[in-house]
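S.K.: The file below is start_19.txt, compact mmCIF, C-alpha atoms:
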```txt
# COMPACT_ATOMS: atom_id res chain seq x y z
CA MET A 8 56.22 -32.78 -5.62
CA LYS A 9 52.62 -33.94 -5.19
CA LEU A 10 52.58 -32.48 -1.66
CA THR A 11 53.78 -29.10 -2.98
CA ILE A 12 51.08 -29.00 -5.66
CA PHE A 13 48.44 -30.04 -3.13
CA ALA A 14 49.59 -27.32 -0.68
CA PHE A 15 49.52 -24.74 -3.48
CA ILE A 16 45.96 -25.72 -4.42
CA ILE A 17 44.86 -25.50 -0.77
CA LEU A 18 46.44 -22.05 -0.48
CA LEU A 19 44.67 -20.80 -3.62
CA TRP A 20 41.35 -22.21 -2.45
CA ALA A 21 41.73 -20.55 0.97
CA GLN A 22 42.47 -17.18 -0.62
CA TYR A 23 39.50 -17.54 -2.99
CA SER A 24 37.15 -18.50 -0.14
CA GLU A 25 38.30 -15.55 1.99
CA ALA A 26 37.84 -13.17 -0.95
CA GLN A 27 34.28 -14.46 -1.49
CA GLU A 28 33.38 -13.97 2.18
CA ASN A 29 34.82 -10.47 2.29
CA THR A 30 33.41 -9.25 -1.00
CA PRO A 31 31.77 -5.94 -0.17
CA VAL A 32 28.10 -5.63 -0.99
CA SER A 33 26.83 -2.22 -1.88
CA GLU A 34 24.17 -1.03 0.56
CA GLU A 35 22.36 0.38 -2.46
CA GLU A 36 21.86 -3.15 -3.76
CA ILE A 37 20.13 -4.46 -0.64
CA VAL A 38 16.86 -2.82 0.28
CA THR A 39 15.02 -4.33 3.26
CA GLY A 40 11.58 -3.86 4.74
CA PHE A 41 8.45 -2.43 3.18
CA CYS A 42 9.14 -0.54 0.01
CA GLU A 43 7.34 1.27 -2.75
CA ARG A 44 7.53 0.53 -6.44
CA SER A 45 9.43 3.79 -6.95
CA GLN A 46 12.29 2.37 -4.87
CA LEU A 47 12.48 -0.63 -7.19
CA GLU A 48 12.63 1.67 -10.19
CA SER A 49 15.74 3.46 -8.93
CA GLY A 50 19.29 2.55 -7.97
CA GLU A 51 20.98 -0.67 -9.02
CA PHE A 52 17.73 -2.65 -9.05
CA GLY A 53 16.15 0.09 -11.14
CA LYS A 54 18.47 -0.68 -14.06
CA SER A 55 17.15 -4.24 -14.20
CA PHE A 56 13.62 -3.05 -13.55
CA GLU A 57 13.58 -0.64 -16.47
CA LYS A 58 15.00 -3.13 -18.95
CA GLY A 59 12.92 -6.08 -17.78
CA HIS A 60 9.71 -4.06 -17.67
CA HIS A 61 10.31 -2.66 -21.15
CA ASP A 62 11.46 -5.90 -22.82
CA TYR A 63 8.81 -8.29 -21.47
CA ILE A 64 5.77 -8.74 -23.70
CA PRO A 65 3.00 -10.55 -21.80
CA ASP A 66 0.41 -12.68 -23.58
CA ALA A 67 -2.36 -10.25 -24.60
CA GLY A 68 -5.11 -12.88 -24.43
CA ILE A 69 -4.21 -13.89 -20.90
CA CYS A 70 -3.89 -10.24 -19.88
CA ALA A 71 -7.40 -9.59 -21.23
CA GLU A 72 -8.70 -12.41 -19.03
CA LEU A 73 -6.82 -11.05 -16.02
CA LYS A 74 -8.21 -7.59 -16.65
CA SER A 75 -11.77 -8.88 -16.74
CA PHE A 76 -11.40 -11.14 -13.69
CA ASP A 77 -13.94 -9.80 -11.23
CA GLU A 78 -12.71 -11.46 -8.03
CA ASP A 79 -11.56 -9.02 -5.36
CA TYR A 80 -7.96 -9.92 -4.59
CA GLU A 81 -4.65 -8.45 -3.49
CA ILE A 82 -1.04 -9.36 -4.17
CA ARG A 83 1.91 -9.22 -1.81
CA ILE A 84 5.39 -9.41 -3.26
CA VAL A 85 8.46 -10.53 -1.33
CA LEU A 86 11.71 -9.98 -3.20
CA ALA A 87 15.40 -9.33 -2.81
CA THR A 88 17.09 -6.50 -4.66
CA TRP A 89 20.31 -8.54 -4.73
CA CYS A 90 18.61 -11.62 -6.26
CA HIS A 91 18.88 -12.46 -9.96
CA ASP A 92 15.41 -14.05 -10.12
CA SER A 93 13.88 -10.95 -8.49
CA LYS A 94 15.64 -8.75 -11.04
CA VAL A 95 14.09 -10.82 -13.83
CA GLN A 96 10.61 -11.66 -12.53
CA VAL A 97 9.56 -8.55 -10.58
CA PRO A 98 9.81 -6.13 -13.54
CA ARG A 99 7.92 -8.62 -15.69
CA PHE A 100 5.20 -8.96 -13.06
CA PHE A 101 4.76 -5.19 -12.90
CA ARG A 102 4.61 -5.07 -16.69
CA ILE A 103 1.68 -7.51 -16.56
CA LEU A 104 -0.02 -5.45 -13.88
CA ASP A 105 0.56 -2.25 -15.84
CA ASP A 106 -0.75 -3.73 -19.08
CA THR A 107 -3.87 -4.98 -17.30
CA GLN A 108 -4.24 -1.83 -15.20
CA LEU A 109 -4.13 -3.97 -12.06
CA SER A 110 -1.07 -2.47 -10.35
CA GLY A 111 -3.39 -1.28 -7.58
CA LYS A 112 -3.81 -4.92 -6.57
CA VAL A 113 -0.31 -4.91 -5.03
CA SER A 114 -0.91 -4.22 -1.35
CA LYS A 115 2.59 -4.84 -0.01
CA ILE A 116 6.10 -5.03 -1.38
CA ILE A 117 8.62 -6.45 1.07
CA CYS A 118 12.35 -6.58 0.38
CA VAL A 119 14.57 -9.05 2.21
CA ASP A 120 18.27 -9.33 2.90
CA ARG A 121 20.45 -12.31 2.07
CA GLY A 122 19.13 -14.16 5.13
CA LYS A 123 15.55 -13.60 3.89
CA ASN A 124 14.82 -11.19 6.74
CA ALA A 125 13.18 -7.78 6.54
CA VAL A 126 13.58 -4.91 8.97
CA ASP A 127 10.91 -5.08 11.72
CA ILE A 128 8.66 -7.41 9.68
CA ASP A 129 7.71 -10.89 10.84
CA LEU A 130 7.93 -12.95 7.66
CA GLY A 131 6.94 -16.18 9.43
CA PRO A 132 3.34 -16.12 8.19
CA TYR A 133 4.56 -15.68 4.61
CA ARG A 134 6.66 -18.89 4.69
CA ILE A 135 9.28 -17.45 2.35
CA GLU A 136 11.76 -20.01 1.06
CA LYS A 137 12.78 -18.42 -2.23
CA VAL A 138 12.48 -15.00 -3.78
CA PRO A 139 10.72 -13.50 -5.44
CA THR A 140 7.44 -14.80 -4.07
CA PHE A 141 4.17 -13.37 -5.37
CA ILE A 142 1.31 -14.24 -2.99
CA VAL A 143 -2.31 -13.78 -4.04
CA TYR A 144 -4.93 -13.25 -1.34
CA ILE A 145 -8.69 -13.40 -1.79
CA ASP A 146 -10.80 -12.43 1.24
CA ASP A 147 -7.64 -12.38 3.42
CA GLN A 148 -6.98 -16.02 2.54
CA GLU A 149 -4.00 -17.15 0.48
CA ALA A 150 -5.26 -18.26 -2.91
CA GLY A 151 -1.87 -19.25 -4.28
CA ARG A 152 1.66 -18.13 -4.94
CA ILE A 153 4.30 -17.96 -7.60
CA THR A 154 7.68 -18.75 -6.10
CA GLU A 155 10.97 -17.75 -7.72
CA THR A 156 10.02 -18.53 -11.33
CA PRO A 157 6.64 -19.28 -12.89
CA ILE A 158 5.61 -22.76 -13.95
CA ASN A 159 4.27 -21.41 -17.27
CA THR A 160 4.43 -17.62 -17.50
CA LEU A 161 3.75 -15.12 -14.77
CA GLU A 162 0.49 -14.00 -16.35
CA GLU A 163 -0.70 -17.56 -16.95
CA ASP A 164 0.20 -18.71 -13.44
CA LEU A 165 -1.57 -15.68 -11.94
CA LEU A 166 -4.69 -16.41 -13.96
CA LEU A 167 -4.61 -20.09 -12.95
CA ILE A 168 -4.42 -19.11 -9.27
CA LEU A 169 -7.39 -16.78 -9.60
CA LYS A 170 -9.46 -19.27 -11.60
CA SER A 171 -8.63 -22.18 -9.26
CA PHE A 172 -9.56 -20.24 -6.18
CA SER A 173 -12.81 -18.96 -7.60
CA ALA A 174 -13.70 -22.50 -8.63
CA GLY A 175 -13.10 -23.65 -5.05
CA GLU A 176 -9.85 -25.47 -5.80
CA GLU A 177 -7.47 -23.60 -3.49
CA LYS A 178 -3.81 -24.00 -4.40
```
Here is a file; write its structure as structure tokens.
M.R.:
Amino acid sequence: MKLTIFAFIILLWAQYSEAQENTPVSEEEIVTGFCERSQLESGEFGKSFEKGHHDYIPDAGICAELKSFDEDYEIRIVLATWCHDSKVQVPRFFRILDDTQLSGKVSKIICVDRGKNAVDIDLGPYRIEKVPTFIVYIDDQEAGRITETPINTLEEDLLLILKSFSAGEEK
């Protein structure tokens, strides 16, 4: 009897595992390579983008500091359109940039597949382990990054990166 139950459990597990491996993934969900913000605002990812961008209310005081920060910097974003954390954090990040009128600071948006690869883009120099990753550069030097989820809030972490770098305390 125990052998029959064990065999039944093994059979169910094998069928479940095979179903997970063969679950089709919509090509619309996975964007790879360089992309524009407009691509993130459409399709499946666009549904999350619209809601997350609308619903997130960044800290106005921190946004005022970000807006007045005079350091010349740029931001590169590496994300995955299939990733839950990207669906949550990327719209929020753009909301902060929109509220501070700093969306022009984003120099590159790179989307990766499930293997964290992007079409024809060498991601080695970016050292991507988790997505999304927001990398801040000042004078072509990495000042800091926010990986997957912020330590505090996105706006606070961004401000801390900028302040730390300008004070000579690279992160």
S.K.: Set the distance at 8 Å and use only C-alpha atoms: which residues neighbour Leu73 (chain A) once local chain neighbours fewer than 6 positions away are removed? I'd like the list as a ChimeraX atom specification.
M.R.: /A:107,162,166
S.K.: Go ahead and save the residues from that selection, with C-alpha atoms, as a compact mmCIF listing (two decimals), in the frame of the given file.
M.R.:
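Result file follows (again29.txt):
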```txt
# COMPACT_ATOMS: atom_id res chain seq x y z
CA THR A 107 -3.87 -4.98 -17.30
CA GLU A 162 0.49 -14.00 -16.35
CA LEU A 166 -4.69 -16.41 -13.96
```
S.K.: Can you tell me which residues surround Leu130 (chain A) at a distance of at most 10 Å, considering all atoms listed in the file, apart from same-chain residues fewer than 6 positions away, and format the answer as a VMD selection string?
M.R.: chain A and resid 85 117 119 123 to 124
S.K.: So how far away is CA of Ile84 (chain A) from CA of Glu163 (chain A), in Å?
M.R.: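 Rounded to one decimal, the two atoms are 17.1 Å apart.
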S.K.: Of the residues A:Cys70, A:Ile168, A:Ile64, A:Val143, which is the one nearest to Ser114 (chain A), using only C-alpha atoms?
M.R.: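 Between A:Cys70, A:Ile168, A:Ile64, A:Val143, the residue approaching Ser114 (chain A) most closely is A:Val143.
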S.K.: Would you please work out which residue, of A:Ile128, A:Leu165, A:Ile69, A:Val97, is nearest to Ser55 (chain A) when using all atoms listed in the file?
M.R.: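 Distance minimum relative to Ser55 (chain A) lands on A:Val97.
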S.K.: Can you measure CA of Lys137 (chain A) to CA of Ile158 (chain A) for me? One decimal in Å is fine.
M.R.: 14.4 Å
S.K.: Which residue, A:Gly59, A:Gly131, A:Gly151, A:Pro65, has the smallest gap to His91 (chain A) when you use all atoms listed in the file?
M.R.: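 When distances to His91 (chain A) are compared using all atoms listed in the file, the smallest one comes from A:Gly59.
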S.K.: Suppose you want the space between CA of Phe56 (chain A) and CA of Arg102 (chain A); what is it in Å?
M.R.: 9.8 Å
S.K.: Kindly provide, as AutoDock Vina command-line options, the centre and edge lengths (Å, one decimal) of an axis-aligned box around all atoms of region 158-169 of chain A given in the file, with 3 Å on each side.
M.R.:
```
--center_x -0.9 --center_y -18.4 --center_z -13.4 --size_x 19.0 --size_y 14.8 --size_z 14.2
```
S.K.: Which residues come within 8 Å of Ile142 (chain A), counting all atoms listed in the file, excluding same-chain residues fewer than 2 positions away, as a PyMOL selection string?
M.R.: chain A and resi 82-84+140+144+149-153
S.K.: Could you write out the selected residues, including C-alpha atoms, as a tab-separated table (two decimals), in the frame of the given file?
M.R.:
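Result written to again.tsv:
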```tsv
chain	number	residue	atom	x	y	z
A	82	ILE	CA	-1.04	-9.36	-4.17
A	83	ARG	CA	1.91	-9.22	-1.81
A	84	ILE	CA	5.39	-9.41	-3.26
A	140	THR	CA	7.44	-14.80	-4.07
A	144	TYR	CA	-4.93	-13.25	-1.34
A	149	GLU	CA	-4.00	-17.15	0.48
A	150	ALA	CA	-5.26	-18.26	-2.91
A	151	GLY	CA	-1.87	-19.25	-4.28
A	152	ARG	CA	1.66	-18.13	-4.94
A	153	ILE	CA	4.30	-17.96	-7.60
```
S.K.: When you look at Asp120 (chain A) with a cut-off of 8 Å (counting all atoms listed in the file), what residues show up, excluding the ones that are within fewer than 2 positions of it in the same chain? I need them as a PyMOL selection string.
M.R.: chain A and resi 37-39+87+89+118+122-125
S.K.: Under the rule that all atoms listed in the file are counted, which of A:Tyr63, A:Phe41, A:Tyr133, A:Phe76 is the nearest residue to Phe101 (chain A)?
M.R.: A:Tyr63
S.K.: Have a look at A:Glu57, A:Asp127, A:Asp146, A:Glu48 and name the one nearest to Glu78 (chain A); count only C-alpha atoms.
M.R.: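 Result for the nearest residue to Glu78 (chain A): A:Asp146.
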